[in-house]
There are 2 protein chains.
Amino acid sequence: MTIARPSKQRSPKIIYVTPSHQFPLGMTMSLARRTALIDFARSCDAYIFEDDHNSEFRYTGPPLPCLQGLDNVGRVIYSGTMSKILYPSLRLAYILAPEQLVEPMIKIRAVMDQHSPAIDQATLARFLTEGFFLSHIKRMRKLYSDRREFFIEQFSHLLSKYFILEIPEAGLHFVAWVRQKEHMPMITRVCAETGIRPSPLSSCFMKAEPKPALTFGFAAWSRAQIREGLSKFASALNSKLN
Amino acid sequence: MTIARPSKQRSPKIIYVTPSHQFPLGMTMSLARRTALIDFARSCDAYIFEDDHNSEFRYTGPPLPCLQGLDNVGRVIYSGTMSKILYPSLRLAYILAPEQLVEPMIKIRAVMDQHSPAIDQATLARFLTEGFFLSHIKRMRKLYSDRREFFIEQFSHLLSKYFILEIPEAGLHFVAWVRQKEHMPMITRVCAETGIRPSPLSSCFMKAEPKPALTFGFAAWSRAQIREGLSKFASALNSKLN
């Protein structure tokens, strides 16, 4: 696979990608596309900014090497976050930068806010070096995988009449496409009335209008909560749309 | 006191000041200059960004109202920091913004890094609401005031032959002007040899060349450490410069 080289004046300087998991649609970038993208970046001397969020929460298929691991000429800036693995309000993430970018990045950070809080960083460092981080990922991957399967099962059982569930390989949410566009206003009303709060997919777009769909997070809910929420949602829809 | 209004095309949009304590020279802005600056900002519809660091560590003279307190038309953005009062690596500060700037500032912060870490903020909030913060400031002001007086006394006794000590009303450091310019190279050498590490004042300037001077922090050192450090420095200077 190759990507056509753009004309000189339209050559990118930096390419931002989330190869493990596109938000909101959930695609994972294939190995063929990964190597093609790196070749493309090399050919036009661009950097790739790899925002690898959700790489830890991949449930199907073989592990894929990150772009940074595939690159051997220092064109990839790799970035990972603790927001998905630990908790968002910790505000800690990290960057692996090519040698030549380390100094400039340190300078930029220094004028922004110097650095992240030291106590939080020291606590995280102990969490990592004492092995808790790895076991936490393993435990959470198992827990989320279980919730994910249960969500798929319950959703298919209760709501496949109204939605087509898109099943991504990674991440912590689903996109459910509305089968009949004309149902959308009533679905929105039912969400408001029942207190079920999926985000409309359209809220992720500035100009383009995607087909009607809802995004459902599953990671924060127990099996019982998933069953109860989806049942309530399905009953309300059944009573309004049948 | 008034400040001449600039011609329209050179009118400032924002004026950055540190009225409690200018770094590195240590001046405090007088009340007359404070009110004149506010009148000036009003007259040209500019905002004043008041970085009020070191307002808590003022040792002489009556307390001065901050610009934000003197302003009644919403032209002052007040900013305070925990870096000087608690510790720099906490990375927490705060802003009091005029009503009309609150929403835009929240949006800017949201795209920068969303917010500061929640656990640090919650811990600080308890420290404030349970009264520890105020008693900490009182205790530290007393401690720093004591170290400051001791530093002045020791420095004058040991080093007034070589330096004129500038005594600011606030802050945590002193500027010491070198009496004889030609001493500067030897002073720099003595600092390196004795491990005394005052910063040269010139390191705070990009282009201008100030008269030779050193800046000495005093807040982190006990009386014994101040006496020992300054004695060592003075002996080394005496043996080289006499």
# chains A, B, ... in the order shown; residues from 1 in each chain; ligands from 1
$ residues_around --residues "Ser203 (chain A)" --least-positions-apart "6" --cutoff "12 Å" --atoms "only C-alpha atoms" --output "list of chain:residue names"
A:Phe23, A:Pro24, A:Glu209, A:Pro210, A:Lys211, A:Pro212, A:Ala213, A:Leu214, A:Thr215
$ interface_residues --of "chain A" --to "chain B" --cutoff "9 Å" --atoms "only C-alpha atoms" --output "PDB file with C-alpha atoms, in the first residue's frame"
ATOM      1  CA  PRO A  88      -8.798  11.674  33.506  1.00  0.00           C
ATOM      2  CA  SER A  89      -8.477  14.201  36.331  1.00  0.00           C
ATOM      3  CA  LEU A  90      -4.884  13.041  37.027  1.00  0.00           C
ATOM      4  CA  ARG A  91      -3.845  15.080  33.932  1.00  0.00           C
ATOM      5  CA  LEU A  92      -0.693  13.075  33.210  1.00  0.00           C
ATOM      6  CA  ASP A 113       3.766  25.708  32.671  1.00  0.00           C
ATOM      7  CA  GLN A 114       7.259  24.336  33.437  1.00  0.00           C
ATOM      8  CA  HIS A 115       6.156  20.778  34.248  1.00  0.00           C
ATOM      9  CA  SER A 116       3.398  18.609  35.713  1.00  0.00           C
ATOM     10  CA  PRO A 117       3.017  18.434  39.514  1.00  0.00           C
ATOM     11  CA  ALA A 118       5.908  16.544  41.099  1.00  0.00           C
ATOM     12  CA  ILE A 119       3.985  14.604  43.761  1.00  0.00           C
ATOM     13  CA  ASP A 120       1.580  13.142  41.187  1.00  0.00           C
TER      14      ASP A 120
END
$ residues_around --residues "Leu67 (chain A)" --least-positions-apart "5" --cutoff "9 Å" --atoms "only C-alpha atoms" --output "NGL selection string"
:A and (19 or 34-35 or 37-38 or 48 or 50 or 76-78)
$ select_by_dssp --residues "region 43-216 of chain A" --states "helix (DSSP H, G or I)" --output "PyMOL selection string"
chain A and resi 43+67-70+88-90+99-112+118-129+132-159+181-194+201-204
$ closest_residue --among "B:Asp51, B:Glu193, B:Glu149, B:Glu182" --to "Ile15 (chain B)" --atoms "only C-alpha atoms"
B:Asp51
$ atom_distance --atom1 "CA of Ile167 (chain A)" --atom2 "CA of Ser20 (chain A)"
14.2 Å
$ residues_around --residues "Pro185 (chain B)" --least-positions-apart "3" --cutoff "12 Å" --atoms "only C-alpha atoms" --output "VMD selection string"
chain B and resid 178 180 to 182 188 to 192 200 212 to 213 237 240 to 241
$ atom_distance --atom1 "CA of Tyr144 (chain A)" --atom2 "CA of His53 (chain A)"
15.4 Å
$ atom_distance --atom1 "CA of Lys138 (chain B)" --atom2 "CA of Met82 (chain B)"
14.6 Å
$ select_by_dssp --residues "region 93-238 of chain A" --states "strand (DSSP E or B)" --output "PDB file with all heavy atoms, in the first residue's frame"
ATOM      1  N   ALA A  93       0.243  12.626  31.050  1.00  0.00           N
ATOM      2  CA  ALA A  93       0.458  11.899  29.807  1.00  0.00           C
ATOM      3  C   ALA A  93       1.959  11.928  29.535  1.00  0.00           C
ATOM      4  O   ALA A  93       2.713  12.476  30.344  1.00  0.00           O
ATOM      5  CB  ALA A  93      -0.320  12.546  28.670  1.00  0.00           C
ATOM      6  N   TYR A  94       2.386  11.324  28.458  1.00  0.00           N
ATOM      7  CA  TYR A  94       3.820  11.310  28.190  1.00  0.00           C
ATOM      8  C   TYR A  94       4.057  11.305  26.693  1.00  0.00           C
ATOM      9  O   TYR A  94       3.173  10.973  25.903  1.00  0.00           O
ATOM     10  CB  TYR A  94       4.482  10.090  28.844  1.00  0.00           C
ATOM     11  CG  TYR A  94       3.863   8.786  28.421  1.00  0.00           C
ATOM     12  CD1 TYR A  94       4.384   8.048  27.360  1.00  0.00           C
ATOM     13  CD2 TYR A  94       2.743   8.291  29.080  1.00  0.00           C
ATOM     14  CE1 TYR A  94       3.798   6.858  26.962  1.00  0.00           C
ATOM     15  CE2 TYR A  94       2.148   7.109  28.689  1.00  0.00           C
ATOM     16  CZ  TYR A  94       2.677   6.393  27.634  1.00  0.00           C
ATOM     17  OH  TYR A  94       2.081   5.220  27.235  1.00  0.00           O
ATOM     18  N   ILE A  95       5.274  11.699  26.325  1.00  0.00           N
ATOM     19  CA  ILE A  95       5.678  11.760  24.918  1.00  0.00           C
ATOM     20  C   ILE A  95       7.022  11.061  24.757  1.00  0.00           C
ATOM     21  O   ILE A  95       7.901  11.200  25.611  1.00  0.00           O
ATOM     22  CB  ILE A  95       5.752  13.244  24.461  1.00  0.00           C
ATOM     23  CG1 ILE A  95       4.359  13.748  24.101  1.00  0.00           C
ATOM     24  CG2 ILE A  95       6.709  13.423  23.288  1.00  0.00           C
ATOM     25  CD1 ILE A  95       4.309  15.214  23.707  1.00  0.00           C
ATOM     26  N   LEU A  96       7.149  10.258  23.707  1.00  0.00           N
ATOM     27  CA  LEU A  96       8.462   9.746  23.279  1.00  0.00           C
ATOM     28  C   LEU A  96       8.802  10.519  22.017  1.00  0.00           C
ATOM     29  O   LEU A  96       8.125  10.357  21.001  1.00  0.00           O
ATOM     30  CB  LEU A  96       8.385   8.260  22.925  1.00  0.00           C
ATOM     31  CG  LEU A  96       8.053   7.250  24.006  1.00  0.00           C
ATOM     32  CD1 LEU A  96       8.085   5.839  23.413  1.00  0.00           C
ATOM     33  CD2 LEU A  96       9.067   7.353  25.146  1.00  0.00           C
ATOM     34  N   PHE A 163     -31.283  -0.262  16.130  1.00  0.00           N
ATOM     35  CA  PHE A 163     -29.885   0.159  15.919  1.00  0.00           C
ATOM     36  C   PHE A 163     -29.048  -0.958  15.293  1.00  0.00           C
ATOM     37  O   PHE A 163     -29.315  -2.139  15.506  1.00  0.00           O
ATOM     38  CB  PHE A 163     -29.213   0.503  17.261  1.00  0.00           C
ATOM     39  CG  PHE A 163     -29.849   1.634  18.006  1.00  0.00           C
ATOM     40  CD1 PHE A 163     -30.798   1.383  19.005  1.00  0.00           C
ATOM     41  CD2 PHE A 163     -29.506   2.952  17.733  1.00  0.00           C
ATOM     42  CE1 PHE A 163     -31.384   2.426  19.714  1.00  0.00           C
ATOM     43  CE2 PHE A 163     -30.087   3.997  18.450  1.00  0.00           C
ATOM     44  CZ  PHE A 163     -31.027   3.738  19.440  1.00  0.00           C
ATOM     45  N   ILE A 164     -28.012  -0.549  14.550  1.00  0.00           N
ATOM     46  CA  ILE A 164     -26.954  -1.486  14.152  1.00  0.00           C
ATOM     47  C   ILE A 164     -25.732  -1.138  15.001  1.00  0.00           C
ATOM     48  O   ILE A 164     -25.226  -0.010  14.950  1.00  0.00           O
ATOM     49  CB  ILE A 164     -26.604  -1.347  12.661  1.00  0.00           C
ATOM     50  CG1 ILE A 164     -27.823  -1.689  11.812  1.00  0.00           C
ATOM     51  CG2 ILE A 164     -25.409  -2.232  12.301  1.00  0.00           C
ATOM     52  CD1 ILE A 164     -27.707  -1.233  10.366  1.00  0.00           C
ATOM     53  N   LEU A 165     -25.273  -2.080  15.816  1.00  0.00           N
ATOM     54  CA  LEU A 165     -24.143  -1.802  16.709  1.00  0.00           C
ATOM     55  C   LEU A 165     -22.834  -2.014  15.960  1.00  0.00           C
ATOM     56  O   LEU A 165     -22.603  -3.066  15.373  1.00  0.00           O
ATOM     57  CB  LEU A 165     -24.195  -2.723  17.936  1.00  0.00           C
ATOM     58  CG  LEU A 165     -23.300  -2.334  19.100  1.00  0.00           C
ATOM     59  CD1 LEU A 165     -23.725  -1.013  19.715  1.00  0.00           C
ATOM     60  CD2 LEU A 165     -23.290  -3.435  20.168  1.00  0.00           C
ATOM     61  N   GLU A 166     -21.997  -0.981  15.976  1.00  0.00           N
ATOM     62  CA  GLU A 166     -20.680  -1.058  15.334  1.00  0.00           C
ATOM     63  C   GLU A 166     -19.716  -1.597  16.394  1.00  0.00           C
ATOM     64  O   GLU A 166     -19.665  -1.055  17.503  1.00  0.00           O
ATOM     65  CB  GLU A 166     -20.280   0.372  14.938  1.00  0.00           C
ATOM     66  CG  GLU A 166     -18.976   0.514  14.262  1.00  0.00           C
ATOM     67  CD  GLU A 166     -19.117   0.522  12.733  1.00  0.00           C
ATOM     68  OE1 GLU A 166     -20.057   1.157  12.212  1.00  0.00           O
ATOM     69  OE2 GLU A 166     -18.270  -0.111  12.082  1.00  0.00           O
ATOM     70  N   ALA A 170     -11.078  -1.919  19.718  1.00  0.00           N
ATOM     71  CA  ALA A 170     -10.465  -1.326  20.908  1.00  0.00           C
ATOM     72  C   ALA A 170     -11.376  -0.248  21.483  1.00  0.00           C
ATOM     73  O   ALA A 170     -12.440   0.050  20.925  1.00  0.00           O
ATOM     74  CB  ALA A 170      -9.107  -0.719  20.548  1.00  0.00           C
ATOM     75  N   HIS A 173     -16.065   2.549  24.113  1.00  0.00           N
ATOM     76  CA  HIS A 173     -17.438   2.935  23.742  1.00  0.00           C
ATOM     77  C   HIS A 173     -17.835   2.276  22.424  1.00  0.00           C
ATOM     78  O   HIS A 173     -16.996   1.751  21.691  1.00  0.00           O
ATOM     79  CB  HIS A 173     -17.546   4.466  23.629  1.00  0.00           C
ATOM     80  CG  HIS A 173     -17.029   4.984  22.330  1.00  0.00           C
ATOM     81  ND1 HIS A 173     -15.685   5.120  22.061  1.00  0.00           N
ATOM     82  CD2 HIS A 173     -17.677   5.368  21.199  1.00  0.00           C
ATOM     83  CE1 HIS A 173     -15.520   5.580  20.829  1.00  0.00           C
ATOM     84  NE2 HIS A 173     -16.705   5.728  20.284  1.00  0.00           N
ATOM     85  N   PHE A 174     -19.142   2.308  22.170  1.00  0.00           N
ATOM     86  CA  PHE A 174     -19.695   1.797  20.919  1.00  0.00           C
ATOM     87  C   PHE A 174     -20.404   2.905  20.167  1.00  0.00           C
ATOM     88  O   PHE A 174     -20.947   3.826  20.789  1.00  0.00           O
ATOM     89  CB  PHE A 174     -20.763   0.725  21.194  1.00  0.00           C
ATOM     90  CG  PHE A 174     -20.219  -0.540  21.747  1.00  0.00           C
ATOM     91  CD1 PHE A 174     -20.385  -0.835  23.092  1.00  0.00           C
ATOM     92  CD2 PHE A 174     -19.563  -1.450  20.935  1.00  0.00           C
ATOM     93  CE1 PHE A 174     -19.888  -2.020  23.617  1.00  0.00           C
ATOM     94  CE2 PHE A 174     -19.065  -2.629  21.447  1.00  0.00           C
ATOM     95  CZ  PHE A 174     -19.224  -2.916  22.803  1.00  0.00           C
ATOM     96  N   VAL A 175     -20.448   2.790  18.850  1.00  0.00           N
ATOM     97  CA  VAL A 175     -21.339   3.621  18.043  1.00  0.00           C
ATOM     98  C   VAL A 175     -22.511   2.734  17.618  1.00  0.00           C
ATOM     99  O   VAL A 175     -22.303   1.612  17.138  1.00  0.00           O
ATOM    100  CB  VAL A 175     -20.607   4.171  16.797  1.00  0.00           C
ATOM    101  CG1 VAL A 175     -21.599   4.862  15.849  1.00  0.00           C
ATOM    102  CG2 VAL A 175     -19.513   5.146  17.209  1.00  0.00           C
ATOM    103  N   ALA A 176     -23.720   3.216  17.832  1.00  0.00           N
ATOM    104  CA  ALA A 176     -24.915   2.473  17.399  1.00  0.00           C
ATOM    105  C   ALA A 176     -25.648   3.311  16.349  1.00  0.00           C
ATOM    106  O   ALA A 176     -26.127   4.408  16.634  1.00  0.00           O
ATOM    107  CB  ALA A 176     -25.817   2.215  18.598  1.00  0.00           C
ATOM    108  N   TRP A 177     -25.679   2.769  15.121  1.00  0.00           N
ATOM    109  CA  TRP A 177     -26.315   3.501  14.016  1.00  0.00           C
ATOM    110  C   TRP A 177     -27.829   3.316  14.091  1.00  0.00           C
ATOM    111  O   TRP A 177     -28.314   2.196  14.280  1.00  0.00           O
ATOM    112  CB  TRP A 177     -25.816   2.972  12.665  1.00  0.00           C
ATOM    113  CG  TRP A 177     -24.328   3.105  12.498  1.00  0.00           C
ATOM    114  CD1 TRP A 177     -23.390   2.126  12.682  1.00  0.00           C
ATOM    115  CD2 TRP A 177     -23.616   4.286  12.117  1.00  0.00           C
ATOM    116  NE1 TRP A 177     -22.133   2.621  12.443  1.00  0.00           N
ATOM    117  CE2 TRP A 177     -22.236   3.952  12.079  1.00  0.00           C
ATOM    118  CE3 TRP A 177     -24.007   5.589  11.793  1.00  0.00           C
ATOM    119  CZ2 TRP A 177     -21.254   4.872  11.760  1.00  0.00           C
ATOM    120  CZ3 TRP A 177     -23.024   6.508  11.451  1.00  0.00           C
ATOM    121  CH2 TRP A 177     -21.664   6.147  11.444  1.00  0.00           C
ATOM    122  N   VAL A 178     -28.559   4.389  13.924  1.00  0.00           N
ATOM    123  CA  VAL A 178     -30.019   4.325  13.949  1.00  0.00           C
ATOM    124  C   VAL A 178     -30.501   3.730  12.615  1.00  0.00           C
ATOM    125  O   VAL A 178     -30.096   4.204  11.551  1.00  0.00           O
ATOM    126  CB  VAL A 178     -30.597   5.739  14.164  1.00  0.00           C
ATOM    127  CG1 VAL A 178     -32.117   5.733  14.076  1.00  0.00           C
ATOM    128  CG2 VAL A 178     -30.140   6.295  15.504  1.00  0.00           C
ATOM    129  N   SER A 199     -24.232  10.029  23.764  1.00  0.00           N
ATOM    130  CA  SER A 199     -24.031  11.260  22.988  1.00  0.00           C
ATOM    131  C   SER A 199     -24.433  11.012  21.554  1.00  0.00           C
ATOM    132  O   SER A 199     -24.133   9.946  21.003  1.00  0.00           O
ATOM    133  CB  SER A 199     -22.557  11.660  22.984  1.00  0.00           C
ATOM    134  OG  SER A 199     -22.099  11.796  24.286  1.00  0.00           O
ATOM    135  N   PRO A 200     -25.080  11.971  20.918  1.00  0.00           N
ATOM    136  CA  PRO A 200     -25.293  11.805  19.477  1.00  0.00           C
ATOM    137  C   PRO A 200     -23.946  11.865  18.760  1.00  0.00           C
ATOM    138  O   PRO A 200     -23.083  12.669  19.135  1.00  0.00           O
ATOM    139  CB  PRO A 200     -26.183  12.988  19.104  1.00  0.00           C
ATOM    140  CG  PRO A 200     -26.018  13.978  20.203  1.00  0.00           C
ATOM    141  CD  PRO A 200     -25.627  13.226  21.433  1.00  0.00           C
ATOM    142  N   ALA A 213     -26.664   8.459  14.695  1.00  0.00           N
ATOM    143  CA  ALA A 213     -26.089   7.393  15.516  1.00  0.00           C
ATOM    144  C   ALA A 213     -25.879   7.921  16.932  1.00  0.00           C
ATOM    145  O   ALA A 213     -25.847   9.133  17.159  1.00  0.00           O
ATOM    146  CB  ALA A 213     -24.749   6.941  14.935  1.00  0.00           C
ATOM    147  N   LEU A 214     -25.791   6.996  17.872  1.00  0.00           N
ATOM    148  CA  LEU A 214     -25.501   7.354  19.266  1.00  0.00           C
ATOM    149  C   LEU A 214     -24.209   6.681  19.688  1.00  0.00           C
ATOM    150  O   LEU A 214     -23.865   5.609  19.183  1.00  0.00           O
ATOM    151  CB  LEU A 214     -26.638   6.876  20.180  1.00  0.00           C
ATOM    152  CG  LEU A 214     -28.043   7.414  19.900  1.00  0.00           C
ATOM    153  CD1 LEU A 214     -29.052   6.754  20.845  1.00  0.00           C
ATOM    154  CD2 LEU A 214     -28.091   8.933  20.047  1.00  0.00           C
ATOM    155  N   THR A 215     -23.465   7.300  20.610  1.00  0.00           N
ATOM    156  CA  THR A 215     -22.289   6.623  21.160  1.00  0.00           C
ATOM    157  C   THR A 215     -22.572   6.258  22.616  1.00  0.00           C
ATOM    158  O   THR A 215     -23.062   7.082  23.391  1.00  0.00           O
ATOM    159  CB  THR A 215     -21.028   7.509  21.084  1.00  0.00           C
ATOM    160  OG1 THR A 215     -21.210   8.658  21.893  1.00  0.00           O
ATOM    161  CG2 THR A 215     -20.738   7.954  19.658  1.00  0.00           C
ATOM    162  N   PHE A 216     -22.269   5.005  22.953  1.00  0.00           N
ATOM    163  CA  PHE A 216     -22.495   4.488  24.298  1.00  0.00           C
ATOM    164  C   PHE A 216     -21.171   4.114  24.948  1.00  0.00           C
ATOM    165  O   PHE A 216     -20.445   3.268  24.412  1.00  0.00           O
ATOM    166  CB  PHE A 216     -23.345   3.204  24.252  1.00  0.00           C
ATOM    167  CG  PHE A 216     -24.781   3.417  23.852  1.00  0.00           C
ATOM    168  CD1 PHE A 216     -25.146   3.444  22.505  1.00  0.00           C
ATOM    169  CD2 PHE A 216     -25.766   3.566  24.815  1.00  0.00           C
ATOM    170  CE1 PHE A 216     -26.474   3.623  22.129  1.00  0.00           C
ATOM    171  CE2 PHE A 216     -27.091   3.747  24.455  1.00  0.00           C
ATOM    172  CZ  PHE A 216     -27.449   3.777  23.102  1.00  0.00           C
ATOM    173  N   GLY A 217     -20.865   4.684  26.086  1.00  0.00           N
ATOM    174  CA  GLY A 217     -19.735   4.210  26.878  1.00  0.00           C
ATOM    175  C   GLY A 217     -20.166   2.977  27.643  1.00  0.00           C
ATOM    176  O   GLY A 217     -21.327   2.870  28.046  1.00  0.00           O
TER     177      GLY A 217
END
$ residues_around --residues "region 150-161 of chain A" --least-positions-apart "6" --cutoff "9 Å" --atoms "only C-alpha atoms" --output "PyMOL selection string"
chain A and resi 167+179+218+223+226-227+230-231+233-235+237
